[in-house]
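Undergrad: File name protein_12.csv; file contents CSV, C-alpha atoms and all ligand atoms; full text below.
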chain,number,residue,atom,x,y,z
P,33,MET,CA,0.0,0.0,0.0
P,34,LEU,CA,1.1,3.5,-0.7
P,35,SER,CA,1.7,5.8,2.1
P,36,GLY,CA,2.5,9.5,2.4
P,37,PRO,CA,1.6,11.8,-0.3
P,38,ALA,CA,1.2,9.4,-3.2
P,39,ARG,CA,-2.4,8.4,-2.7
P,40,ALA,CA,-5.4,8.1,-4.9
P,41,LEU,CA,-7.5,11.2,-4.6
P,42,SER,CA,-10.4,12.6,-6.4
P,43,PRO,CA,-10.0,15.8,-8.2
P,44,ARG,CA,-13.0,17.0,-6.3
P,45,PHE,CA,-11.0,17.1,-3.1
P,46,LEU,CA,-8.1,18.8,-4.7
P,47,ALA,CA,-9.2,21.1,-7.4
P,48,PRO,CA,-11.0,24.4,-7.0
P,49,PRO,CA,-14.7,24.4,-7.5
P,50,PRO,CA,-16.2,24.9,-11.0
P,51,ILE,CA,-16.2,28.5,-12.0
P,52,ASN,CA,-20.0,28.7,-12.0
P,53,LEU,CA,-20.4,27.3,-8.5
P,54,HIS,CA,-21.2,30.7,-7.0
P,55,LYS,CA,-23.3,31.9,-9.8
P,56,ASN,CA,-25.5,28.8,-9.4
P,57,ARG,CA,-26.3,29.2,-5.7
P,58,THR,CA,-29.2,26.9,-4.9
P,59,ASN,CA,-32.3,28.8,-4.2
P,60,LEU,CA,-34.5,26.3,-2.6
P,61,THR,CA,-37.5,28.5,-2.9
P,62,SER,CA,-37.4,28.3,-6.6
P,63,THR,CA,-35.9,24.9,-7.1
P,64,SER,CA,-38.0,21.8,-7.4
P,65,PHE,CA,-36.0,18.7,-6.5
P,66,PHE,CA,-38.6,16.7,-8.4
P,67,GLN,CA,-38.1,18.2,-11.8
P,68,PRO,CA,-37.5,15.5,-14.3
P,69,ARG,CA,-33.9,16.7,-14.6
P,70,ALA,CA,-31.9,18.4,-11.9
P,71,SER,CA,-32.4,22.1,-12.1
P,72,PRO,CA,-29.4,24.2,-13.2
P,73,SER,CA,-28.8,25.2,-9.6
P,74,MET,CA,-28.3,21.6,-8.6
P,75,THR,CA,-26.3,20.7,-11.7
P,76,THR,CA,-23.1,22.4,-12.6
P,77,SER,CA,-23.0,20.5,-15.9
P,78,ALA,CA,-24.8,17.7,-17.7
P,79,SER,CA,-22.8,15.3,-15.5
P,80,ALA,CA,-25.4,14.7,-12.9
P,81,SER,CA,-27.8,13.0,-15.2
P,82,VAL,CA,-24.8,11.0,-16.6
P,83,GLU,CA,-23.8,10.0,-13.1
P,84,GLU,CA,-27.3,8.9,-12.1
P,85,GLY,CA,-27.7,7.1,-15.4
P,86,GLU,CA,-24.6,5.1,-14.6
P,87,GLU,CA,-25.7,3.9,-11.3
P,88,GLU,CA,-26.3,0.2,-11.3
P,89,ILE,CA,-29.8,-0.7,-12.2
P,90,ALA,CA,-31.1,-3.1,-9.6
P,91,PRO,CA,-33.6,-5.7,-10.6
P,92,CYS,CA,-37.2,-4.8,-9.8
P,93,GLN,CA,-37.7,-5.8,-6.2
P,94,GLY,CA,-39.9,-5.1,-3.2
P,95,GLY,CA,-42.9,-6.7,-5.0
P,96,SER,CA,-44.5,-7.3,-1.7
P,97,GLY,CA,-45.4,-3.7,-1.4
P,98,VAL,CA,-45.0,-1.1,1.3
P,99,LEU,CA,-48.0,-2.1,3.4
P,100,GLU,CA,-47.0,-5.8,3.5
P,101,GLY,CA,-43.4,-4.9,4.5
P,102,GLY,CA,-44.7,-2.7,7.2
P,103,MET,CA,-43.5,0.6,8.7
P,104,VAL,CA,-39.8,0.9,9.2
P,105,SER,CA,-38.8,0.2,12.8
P,106,LEU,CA,-36.0,1.8,14.8
P,107,SER,CA,-33.9,-1.3,14.6
P,108,GLU,CA,-34.4,-1.6,10.9
P,109,TRP,CA,-33.4,2.1,10.4
P,110,GLN,CA,-30.4,1.8,12.6
P,111,GLY,CA,-29.4,-1.4,10.9
P,112,TRP,CA,-28.4,0.6,7.8
P,113,GLY,CA,-25.5,2.2,9.6
P,114,THR,CA,-26.8,4.9,12.0
P,115,ASP,CA,-27.4,5.5,15.7
P,116,SER,CA,-29.9,8.2,15.1
P,117,PRO,CA,-33.6,8.1,16.1
P,118,LEU,CA,-36.0,7.1,13.4
P,119,PRO,CA,-36.6,10.2,11.2
P,120,ALA,CA,-40.2,11.5,11.5
P,121,THR,CA,-40.1,12.7,7.9
P,122,VAL,CA,-39.1,9.3,6.6
P,123,VAL,CA,-41.9,7.7,8.6
P,124,ALA,CA,-44.4,10.2,7.1
P,125,ALA,CA,-43.1,9.5,3.6
P,126,ILE,CA,-43.5,5.7,4.1
P,127,LYS,CA,-47.0,6.3,5.5
P,128,GLU,CA,-47.8,8.4,2.4
P,129,MET,CA,-46.9,5.4,0.2
P,130,MET,CA,-48.9,3.1,2.4
P,131,ASP,CA,-51.9,5.3,2.1
P,132,LEU,CA,-51.6,5.2,-1.7
P,133,GLU,CA,-51.5,1.4,-1.7
P,134,ARG,CA,-54.6,1.3,0.5
P,135,GLU,CA,-56.4,3.8,-1.7
P,136,PHE,CA,-55.8,2.1,-4.9
P,137,GLY,CA,-55.6,-1.5,-3.7
P,138,ASP,CA,-52.3,-2.1,-5.4
P,139,LYS,CA,-48.8,-2.8,-4.4
P,140,MET,CA,-45.8,-0.6,-5.1
P,141,LYS,CA,-42.8,-2.1,-6.7
P,142,PHE,CA,-39.3,-0.7,-6.5
P,143,GLY,CA,-36.3,-1.0,-8.8
P,144,GLY,CA,-33.8,0.7,-11.0
P,145,VAL,CA,-31.8,3.7,-10.2
P,146,GLY,CA,-32.3,4.7,-6.6
P,147,SER,CA,-35.1,2.3,-5.9
P,148,LYS,CA,-37.6,4.2,-7.9
P,149,ILE,CA,-41.3,3.3,-7.7
P,150,LYS,CA,-42.3,1.0,-10.6
P,151,GLY,CA,-45.6,-0.5,-11.7
P,152,ASN,CA,-49.1,0.9,-11.8
P,153,LEU,CA,-48.7,3.3,-8.9
P,154,ARG,CA,-45.7,5.0,-10.3
P,155,VAL,CA,-47.5,7.8,-12.1
P,156,ILE,CA,-50.1,8.3,-9.4
P,157,ASP,CA,-47.4,8.6,-6.8
P,158,ASP,CA,-45.3,10.9,-8.8
P,159,LYS,CA,-48.2,13.3,-9.3
P,160,LYS,CA,-49.1,13.2,-5.7
P,161,LYS,CA,-45.6,13.7,-4.5
P,162,ARG,CA,-45.1,16.8,-6.8
P,163,SER,CA,-48.4,18.2,-5.6
P,164,VAL,CA,-47.4,17.8,-1.9
P,165,TYR,CA,-44.0,19.3,-2.6
P,166,ALA,CA,-45.4,22.3,-4.5
P,167,LYS,CA,-47.7,23.1,-1.6
P,168,LEU,CA,-44.9,23.1,1.0
P,169,PRO,CA,-44.5,26.7,2.2
P,170,ASP,CA,-40.8,27.0,2.7
P,171,PRO,CA,-37.5,25.7,1.2
P,172,GLU,CA,-36.5,23.9,4.4
P,173,GLN,CA,-39.7,21.8,4.3
P,174,LYS,CA,-39.2,21.1,0.6
P,175,LEU,CA,-35.7,19.9,1.2
P,176,GLN,CA,-36.7,17.6,4.1
P,177,TYR,CA,-39.6,16.2,2.0
P,178,PHE,CA,-37.3,15.6,-1.0
P,179,THR,CA,-34.8,13.8,1.3
P,180,ALA,CA,-37.5,11.8,3.1
P,181,ARG,CA,-38.9,10.5,-0.1
P,182,GLN,CA,-35.5,9.5,-1.4
P,183,VAL,CA,-34.6,7.8,1.8
P,184,ALA,CA,-38.0,6.1,2.2
P,185,CYS,CA,-38.0,4.7,-1.4
P,186,ARG,CA,-34.4,3.4,-0.9
P,187,LEU,CA,-35.3,1.9,2.4
P,188,VAL,CA,-38.4,0.1,1.3
P,189,GLY,CA,-37.1,-0.9,-2.0
P,190,SER,CA,-33.9,-2.4,-0.5
P,191,ARG,CA,-35.6,-4.6,2.1
P,192,GLY,CA,-34.5,-8.1,1.8
P,193,TYR,CA,-32.4,-7.3,-1.2
P,194,LEU,CA,-29.4,-5.4,0.1
P,195,CYS,CA,-27.2,-6.4,3.0
P,196,GLN,CA,-27.8,-3.7,5.7
P,197,LYS,CA,-24.1,-3.4,6.6
P,198,CYS,CA,-22.4,-3.2,3.3
P,199,TRP,CA,-25.3,-2.0,1.1
P,200,LEU,CA,-24.5,-4.6,-1.5
P,201,PRO,CA,-27.0,-7.2,-2.9
P,202,LYS,CA,-26.9,-10.1,-0.4
P,203,GLU,CA,-25.3,-12.4,-2.9
P,204,ASP,CA,-22.3,-10.0,-3.1
P,205,CYS,CA,-22.1,-9.2,0.7
P,206,MET,CA,-18.5,-8.2,1.5
P,207,CYS,CA,-18.9,-8.0,5.2
P,208,SER,CA,-16.9,-11.1,6.0
P,209,ARG,CA,-13.9,-9.6,4.2
P,210,ILE,CA,-13.8,-6.3,6.2
P,211,VAL,CA,-11.5,-6.3,9.2
P,212,PRO,CA,-12.8,-3.6,11.6
P,213,CYS,CA,-10.2,-1.5,13.3
P,214,ASN,CA,-10.0,1.5,15.6
P,215,LEU,CA,-9.6,5.0,14.3
P,216,LEU,CA,-7.2,7.1,16.4
P,217,HIS,CA,-9.0,8.3,19.5
P,218,GLY,CA,-9.8,12.0,19.2
P,219,ILE,CA,-10.5,11.9,15.5
P,220,ARG,CA,-14.1,11.6,14.2
P,221,PHE,CA,-15.3,11.5,10.6
P,222,TRP,CA,-18.7,12.8,9.6
P,223,LEU,CA,-20.1,11.5,6.3
P,224,TYR,CA,-22.4,14.3,5.2
P,225,MET,CA,-24.3,12.2,2.7
P,226,HIS,CA,-26.6,13.3,-0.1
P,227,PRO,CA,-29.8,11.3,0.0
P,228,LYS,CA,-29.1,10.0,-3.5
P,229,ASP,CA,-26.0,8.3,-2.0
P,230,PHE,CA,-28.0,6.6,0.8
P,231,LEU,CA,-28.0,2.8,0.2
P,232,ARG,CA,-26.1,3.3,-3.0
P,233,GLN,CA,-24.1,0.2,-3.8
P,234,ASN,CA,-21.0,2.0,-5.0
P,235,ASN,CA,-21.0,4.6,-2.3
P,236,THR,CA,-17.7,4.4,-0.5
P,237,GLY,CA,-18.4,6.6,2.6
P,238,LYS,CA,-20.1,3.6,4.1
P,239,LEU,CA,-16.7,1.8,4.3
P,240,LEU,CA,-15.7,4.2,7.0
P,241,TRP,CA,-18.2,3.2,9.6
P,242,GLN,CA,-17.9,-0.5,8.5
P,243,LEU,CA,-14.3,-0.2,9.5
P,244,PHE,CA,-14.3,2.2,12.4
P,245,GLY,CA,-17.8,2.0,13.7
P,246,ASN,CA,-20.6,4.6,13.8
P,247,GLN,CA,-19.1,6.6,16.6
P,248,ALA,CA,-15.8,7.2,14.9
P,249,ALA,CA,-17.4,7.6,11.4
P,250,THR,CA,-20.9,8.9,11.5
P,251,MET,CA,-23.4,9.1,8.7
P,252,CYS,CA,-25.5,12.3,8.5
P,253,VAL,CA,-27.9,12.5,5.6
P,254,PHE,CA,-28.4,16.0,4.1
P,255,GLY,CA,-32.0,17.0,5.1
P,256,ILE,CA,-32.6,14.4,7.8
P,257,PRO,CA,-33.1,16.7,10.8
P,258,GLU,CA,-32.5,14.1,13.5
P,259,GLN,CA,-29.1,13.3,12.1
P,260,GLU,CA,-28.2,16.9,11.4
P,261,GLU,CA,-29.0,17.9,14.9
P,262,ILE,CA,-26.8,15.2,16.3
P,263,MET,CA,-24.0,16.4,14.1
P,264,TRP,CA,-24.4,20.1,15.0
P,265,ASP,CA,-24.8,19.3,18.7
P,266,ALA,CA,-21.5,17.4,18.6
P,267,PHE,CA,-19.9,20.3,16.8
P,268,LYS,CA,-21.2,22.9,19.3
P,269,SER,CA,-20.0,20.9,22.2
P,270,ALA,CA,-16.6,20.2,20.7
P,271,GLY,CA,-16.1,23.9,19.6
P,272,LYS,CA,-15.7,25.5,16.2
P,273,ASP,CA,-11.9,25.1,16.3
P,274,THR,CA,-12.3,21.3,16.1
P,275,ILE,CA,-14.2,21.2,12.8
P,276,TRP,CA,-12.7,21.0,9.3
P,277,LEU,CA,-14.5,20.3,6.1
P,278,LEU,CA,-12.6,18.6,3.4
P,279,TYR,CA,-13.7,20.7,0.4
P,280,PRO,CA,-11.7,22.4,-2.3
P,281,ASN,CA,-10.7,25.8,-0.9
P,282,VAL,CA,-13.4,28.3,-1.4
P,283,ASN,CA,-12.3,30.6,1.4
P,284,SER,CA,-10.3,33.7,0.9
P,285,SER,CA,-7.2,32.0,2.4
P,286,PRO,CA,-6.8,28.4,1.2
P,287,LYS,CA,-6.0,26.0,3.9
P,288,SER,CA,-4.5,22.5,4.0
P,289,VAL,CA,-4.0,19.7,6.6
P,290,GLY,CA,-1.0,21.7,7.8
P,291,ASP,CA,-3.3,24.4,9.1
P,292,ILE,CA,-5.2,22.1,11.4
P,293,ASN,CA,-4.6,23.0,15.0
P,294,LEU,CA,-3.4,19.7,16.6
P,295,ASP,CA,-2.8,21.1,20.1
P,296,ARG,CA,-5.1,18.6,21.7
P,297,SER,CA,-5.2,15.2,23.2
P,298,PHE,CA,-5.5,12.2,21.0
P,299,SER,CA,-5.9,9.8,23.9
P,300,GLU,CA,-8.9,7.6,24.7
P,301,GLU,CA,-10.0,10.1,27.3
P,302,ASN,CA,-10.7,12.8,24.8
P,303,LYS,CA,-14.1,11.8,23.6
P,304,LYS,CA,-15.8,15.1,24.1
P,305,LYS,CA,-13.6,17.3,21.9
P,306,PRO,CA,-12.5,15.2,19.0
P,307,LEU,CA,-11.1,16.6,15.8
P,308,ASN,CA,-14.2,16.6,13.6
P,309,LEU,CA,-13.4,15.9,10.0
P,310,VAL,CA,-16.3,16.4,7.7
P,311,LEU,CA,-16.5,14.7,4.3
P,312,LEU,CA,-19.2,15.5,1.7
P,313,ASP,CA,-20.5,12.1,0.4
P,314,GLY,CA,-22.2,12.7,-2.9
P,315,THR,CA,-21.5,13.7,-6.5
P,316,TRP,CA,-19.7,16.8,-7.1
P,317,SER,CA,-22.8,18.6,-8.4
P,318,ASN,CA,-24.7,17.6,-5.3
P,319,SER,CA,-21.9,18.6,-2.9
P,320,SER,CA,-22.2,22.3,-3.6
P,321,ALA,CA,-25.7,22.3,-2.1
P,322,MET,CA,-24.5,20.4,0.9
P,323,TYR,CA,-21.6,22.8,1.3
P,324,ARG,CA,-24.0,25.8,1.3
P,325,ARG,CA,-26.2,24.2,3.9
P,326,LEU,CA,-23.3,23.6,6.2
P,327,LYS,CA,-22.0,27.1,5.6
P,328,GLU,CA,-25.4,28.7,6.4
P,329,ARG,CA,-25.7,26.7,9.7
P,330,TRP,CA,-22.1,27.6,10.6
P,331,ALA,CA,-22.9,31.3,10.0
P,332,ALA,CA,-26.1,31.0,12.1
P,333,ILE,CA,-24.3,29.4,15.0
P,334,TRP,CA,-21.0,31.2,15.0
P,335,GLY,CA,-21.7,34.3,13.0
P,336,GLU,CA,-18.8,33.7,10.7
P,337,GLU,CA,-18.9,33.7,7.0
P,338,ASP,CA,-16.1,31.1,6.4
P,339,LEU,CA,-16.6,27.5,7.2
P,340,PRO,CA,-13.1,26.1,7.8
P,341,CYS,CA,-12.2,24.1,4.7
P,342,ILE,CA,-9.1,22.2,3.8
P,343,SER,CA,-8.1,20.5,0.6
P,344,LEU,CA,-5.6,17.7,0.2
P,345,SER,CA,-2.3,18.4,-1.4
P,346,SER,CA,-1.5,14.8,-2.3
P,347,LEU,CA,-1.7,13.9,-5.9
P,348,GLY,CA,0.4,11.2,-7.3
P,349,ALA,CA,0.5,7.6,-8.4
P,350,SER,CA,-3.0,6.4,-7.9
P,351,VAL,CA,-3.7,3.0,-6.4
P,352,MET,CA,-6.9,3.2,-8.2
P,353,HIS,CA,-5.2,3.4,-11.6
P,354,LYS,CA,-4.0,-0.2,-11.2
P,355,LEU,CA,-7.5,-1.3,-10.4
P,356,ARG,CA,-9.1,0.2,-13.4
P,357,PRO,CA,-11.4,-0.5,-15.1
P,358,GLN,CA,-13.7,-0.1,-12.3
P,359,PRO,CA,-17.3,1.0,-11.8
P,360,ALA,CA,-17.9,4.6,-11.4
P,361,TRP,CA,-14.8,5.4,-9.5
P,362,ASP,CA,-14.5,9.1,-10.0
P,363,ARG,CA,-17.7,10.0,-8.1
P,364,THR,CA,-17.4,7.5,-5.3
P,365,CYS,CA,-14.1,8.3,-3.9
P,366,THR,CA,-15.0,9.6,-0.5
P,367,ALA,CA,-13.2,6.8,1.2
P,368,ALA,CA,-10.0,7.5,-0.8
P,369,ALA,CA,-10.2,11.1,0.3
P,370,ALA,CA,-10.5,9.9,3.9
P,371,ALA,CA,-7.5,7.7,3.5
P,372,GLY,CA,-5.6,10.7,1.9
P,373,LEU,CA,-6.6,12.9,4.8
P,374,LEU,CA,-5.3,10.4,7.4
P,375,SER,CA,-2.1,10.0,5.4
P,376,GLU,CA,-1.5,13.7,5.4
P,377,LEU,CA,-2.3,13.9,9.1
P,378,ASP,CA,0.2,11.1,9.7
P,379,LEU,CA,2.9,13.3,8.3
P,380,ARG,CA,2.3,16.0,11.0
P,381,GLU,CA,4.9,15.8,13.7
P,382,GLU,CA,2.2,15.7,16.5
P,383,LEU,CA,0.6,12.6,15.0
P,384,ARG,CA,3.6,10.6,13.9
P,385,GLY,CA,3.7,7.0,15.0
P,386,LEU,CA,0.1,6.9,16.2
P,387,GLY,CA,-1.0,4.5,13.5
P,388,LEU,CA,-2.8,6.8,11.1
P,389,ASP,CA,-0.9,5.3,8.2
P,390,LYS,CA,-2.3,1.9,9.1
P,391,GLN,CA,-5.8,3.2,9.4
P,392,ALA,CA,-5.4,4.9,6.0
P,393,ASP,CA,-4.2,1.5,4.6
P,394,ALA,CA,-7.3,-0.2,6.2
P,395,ILE,CA,-9.5,2.2,4.3
P,396,GLU,CA,-7.7,1.5,1.0
P,397,ASP,CA,-7.9,-2.3,1.6
P,398,SER,CA,-11.6,-2.1,2.1
P,399,LEU,CA,-11.9,0.1,-1.0
P,400,ASP,CA,-10.0,-2.6,-3.0
P,401,ILE,CA,-12.5,-5.2,-1.7
P,402,LEU,CA,-15.5,-3.0,-2.7
P,403,LEU,CA,-14.1,-2.4,-6.1
P,404,ASP,CA,-13.3,-6.1,-6.6
P,405,VAL,CA,-16.9,-7.0,-5.7
P,406,LEU,CA,-18.5,-4.3,-7.8
P,407,THR,CA,-16.3,-5.2,-10.8
P,408,ALA,CA,-17.0,-8.9,-10.4
P,409,ARG,CA,-20.7,-8.2,-10.1
P,410,ARG,CA,-20.8,-6.1,-13.3
P,411,ARG,CA,-18.8,-8.7,-15.2
P,412,ARG,CA,-21.2,-11.4,-14.0
P,413,MET,CA,-24.2,-9.4,-15.1
P,414,GLY,CA,-22.6,-8.7,-18.5
P,415,ARG,CA,-22.2,-4.9,-17.9
P,416,SER,CA,-19.4,-2.8,-19.1
P,417,ILE,CA,-16.6,-2.3,-16.7
P,418,THR,CA,-14.8,0.3,-18.9
P,419,ARG,CA,-14.4,3.6,-17.3
P,420,LYS,CA,-16.2,6.2,-19.2
P,421,GLU,CA,-15.3,9.9,-19.4
P,422,ARG,CA,-17.2,11.8,-16.9
P,423,HIS,CA,-16.9,14.6,-14.4
P,424,ASN,CA,-15.2,16.9,-16.7
P,425,ASN,CA,-16.4,19.7,-14.6
P,426,CYS,CA,-14.2,18.9,-11.6
P,427,ILE,CA,-10.9,18.7,-13.2
P,501,ZN,ZN,-22.7,-7.2,3.9
Is it possible to express this structure as structure tokens?
Ligand SMILES: [Zn+2]

TA:
Amino acid sequence: MLSGPARALSPRFLAPPPINLHKNRTNLTSTSFFQPRASPSMTTSASASVEEGEEEIAPCQGGSGVLEGGMVSLSEWQGWGTDSPLPATVVAAIKEMMDLEREFGDKMKFGGVGSKIKGNLRVIDDKKKRSVYAKLPDPEQKLQYFTARQVACRLVGSRGYLCQKCWLPKEDCMCSRIVPCNLLHGIRFWLYMHPKDFLRQNNTGKLLWQLFGNQAATMCVFGIPEQEEIMWDAFKSAGKDTIWLLYPNVNSSPKSVGDINLDRSFSEENKKKPLNLVLLDGTWSNSSAMYRRLKERWAAIWGEEDLPCISLSSLGASVMHKLRPQPAWDRTCTAAAAAGLLSELDLREELRGLGLDKQADAIEDSLDILLDVLTARRRRMGRSITRKERHNNCI
């Protein structure tokens, strides 16, 4: 395994944002998340539709319907990789789908990209969903509804089909190949995840909590209030000087890992004030909206314009190059970014010899396994494994 600066990193964690990022600020009051194609403000180029189109098409599943599967329970919810309470918005979204089944005496089916609703109820549901969305009075409610619908469909449509731990179809479960390890005490990752990445098979952020556990690497879905509150409560109690977002530098003074204040304890006792490292887990085009949401909350709490962002400086021989062709690598590289971050931290004097290099290697090993599994699956299913050109907007 490579160590030090020569690690595989996504351009999105290294390069400056697209030029039009600021021009295209998401205005949630005027943006419908349910437009057939992402609105210009959510899509910095045509890449979003390409990315989504390339997501693996799951066979139509969940034929038993929403009613028969029943309401999601707390243990089912937490089984997917979170310690958070069951989100009320997701419960309401599932109830809405159940009501539709009752009303029309039919069962919903799910399949395809993002566990979309299939079958007879698809059009009716779509119409109803858009009407509910249009009537919601404010952008916050619209975002929460959009997220809840995304999460609810993925939850219900993945029941019995995906392994809850690794989010892969059960026949490809990779859990037995993952060797959990401890992340250095005093470091905590936050995976701020776009709902379209939730339960996505080729998402890589999930590898972090599979390896390090939910407490050391915590999923927080964009627009799920219960999870966002947990994250911000943790941030407030740890203090603003403990929080760093890995995001290409958009601040007036670019910062890197070298700027992180490490004057703190990394012992087991320091659980209250860890170094909080936030990773945006979603496509590049979706990450700008997530960044803005974080920035707005930051400003509301601390009254400061700039959310502390760092970018990685490493760019070199990529361990991923040797693994290509591989499915959809460029947009699923959150775990590689986490490994790069740990590697760069390992180079800091204060953290030398504390095992961060090993933890970075563990992430890359798990990434190798995921890529092996996804590649084998695509081969088995007769799909192309050739890497296609994409993401021109983040280079
Ligand atoms: Zn599994």

Undergrad: To one decimal place in Å, what is the distance between atom CA of P:Leu223 and atom CA of P:Ala249?

TA: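 Answer for the atom CA of P:Leu223 to atom CA of P:Ala249 separation: 7.0 Å.
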
Undergrad: Within 6 Å of ligand ZN 501 (chain P), which residues show up when you count only C-alpha atoms and all ligand atoms? List them as a ChimeraX atom specification, please.

TA: /P:195,197-198,205-207

Undergrad: Quick one: pull the distance between atom CA of P:Met130 and atom CA of P:Pro169, Å, one decimal.

TA: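 Going from atom CA of P:Met130 over to atom CA of P:Pro169, I get 24.0 Å.
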
Undergrad: Neighbours of P:Ile275 within 12 Å (all atoms listed in the file; same-chain residues fewer than 3 positions away dropped), as a PyMOL selection string?

TA: chain P and resi 219-222+263-264+266-272+278+291-294+305-311+326+330+338-342

Undergrad: Quick one: residues within 9 Å of P:Val211, only C-alpha atoms, excluding same-chain residues fewer than 6 positions away - as a VMD selection string?

TA: chain P and resid 242 to 243 394 398

Undergrad: From the set P:Pro119, P:Gly255, P:Gly101, P:Gly290, which residue has the shortest atom-to-atom contact distance to P:Pro171, counting only C-alpha atoms?

TA: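 Ranking P:Pro119, P:Gly255, P:Gly101, P:Gly290 by distance to P:Pro171, first place goes to P:Gly255.
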
Undergrad: Please, can stretch 379-396 of chain P be completed to N, CA and C atoms and returned as a JSON list (two decimals), in the frame of the given file?

TA:
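result.json written:
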[["chain", "number", "residue", "atom", "x", "y", "z"],
["P", 379, "LEU", "N", 1.64, 12.66, 8.52],
["P", 379, "LEU", "CA", 2.90, 13.30, 8.30],
["P", 379, "LEU", "C", 3.15, 14.50, 9.24],
["P", 380, "ARG", "N", 2.12, 14.87, 9.97],
["P", 380, "ARG", "CA", 2.30, 16.00, 11.00],
["P", 380, "ARG", "C", 3.06, 15.42, 12.17],
["P", 381, "GLU", "N", 3.98, 16.22, 12.61],
["P", 381, "GLU", "CA", 4.90, 15.80, 13.70],
["P", 381, "GLU", "C", 4.06, 15.33, 14.93],
["P", 382, "GLU", "N", 2.99, 16.06, 15.25],
["P", 382, "GLU", "CA", 2.20, 15.70, 16.50],
["P", 382, "GLU", "C", 1.55, 14.37, 16.39],
["P", 383, "LEU", "N", 1.38, 13.84, 15.19],
["P", 383, "LEU", "CA", 0.60, 12.60, 15.00],
["P", 383, "LEU", "C", 1.47, 11.43, 14.53],
["P", 384, "ARG", "N", 2.75, 11.67, 14.39],
["P", 384, "ARG", "CA", 3.60, 10.60, 13.90],
["P", 384, "ARG", "C", 3.59, 9.41, 14.81],
["P", 385, "GLY", "N", 3.57, 8.24, 14.23],
["P", 385, "GLY", "CA", 3.70, 7.00, 15.00],
["P", 385, "GLY", "C", 2.43, 6.62, 15.77],
["P", 386, "LEU", "N", 1.33, 7.29, 15.49],
["P", 386, "LEU", "CA", 0.10, 6.90, 16.20],
["P", 386, "LEU", "C", -0.79, 6.00, 15.38],
["P", 387, "GLY", "N", -0.28, 5.56, 14.26],
["P", 387, "GLY", "CA", -1.00, 4.50, 13.50],
["P", 387, "GLY", "C", -1.94, 5.01, 12.43],
["P", 388, "LEU", "N", -1.92, 6.31, 12.16],
["P", 388, "LEU", "CA", -2.80, 6.80, 11.10],
["P", 388, "LEU", "C", -2.54, 6.24, 9.75],
["P", 389, "ASP", "N", -1.26, 5.94, 9.50],
["P", 389, "ASP", "CA", -0.90, 5.30, 8.20],
["P", 389, "ASP", "C", -1.58, 3.97, 8.05],
["P", 390, "LYS", "N", -1.62, 3.22, 9.16],
["P", 390, "LYS", "CA", -2.30, 1.90, 9.10],
["P", 390, "LYS", "C", -3.76, 2.02, 8.89],
["P", 391, "GLN", "N", -4.32, 3.04, 9.53],
["P", 391, "GLN", "CA", -5.80, 3.20, 9.40],
["P", 391, "GLN", "C", -6.12, 3.68, 7.95],
["P", 392, "ALA", "N", -5.22, 4.45, 7.36],
["P", 392, "ALA", "CA", -5.40, 4.90, 6.00],
["P", 392, "ALA", "C", -5.32, 3.61, 5.06],
["P", 393, "ASP", "N", -4.36, 2.75, 5.38],
["P", 393, "ASP", "CA", -4.20, 1.50, 4.60],
["P", 393, "ASP", "C", -5.49, 0.64, 4.73],
["P", 394, "ALA", "N", -6.04, 0.61, 5.94],
["P", 394, "ALA", "CA", -7.30, -0.20, 6.20],
["P", 394, "ALA", "C", -8.39, 0.30, 5.28],
["P", 395, "ILE", "N", -8.48, 1.62, 5.14],
["P", 395, "ILE", "CA", -9.50, 2.20, 4.30],
["P", 395, "ILE", "C", -9.28, 1.72, 2.83],
["P", 396, "GLU", "N", -8.04, 1.85, 2.41],
["P", 396, "GLU", "CA", -7.70, 1.50, 1.00],
["P", 396, "GLU", "C", -7.95, -0.01, 0.77]]
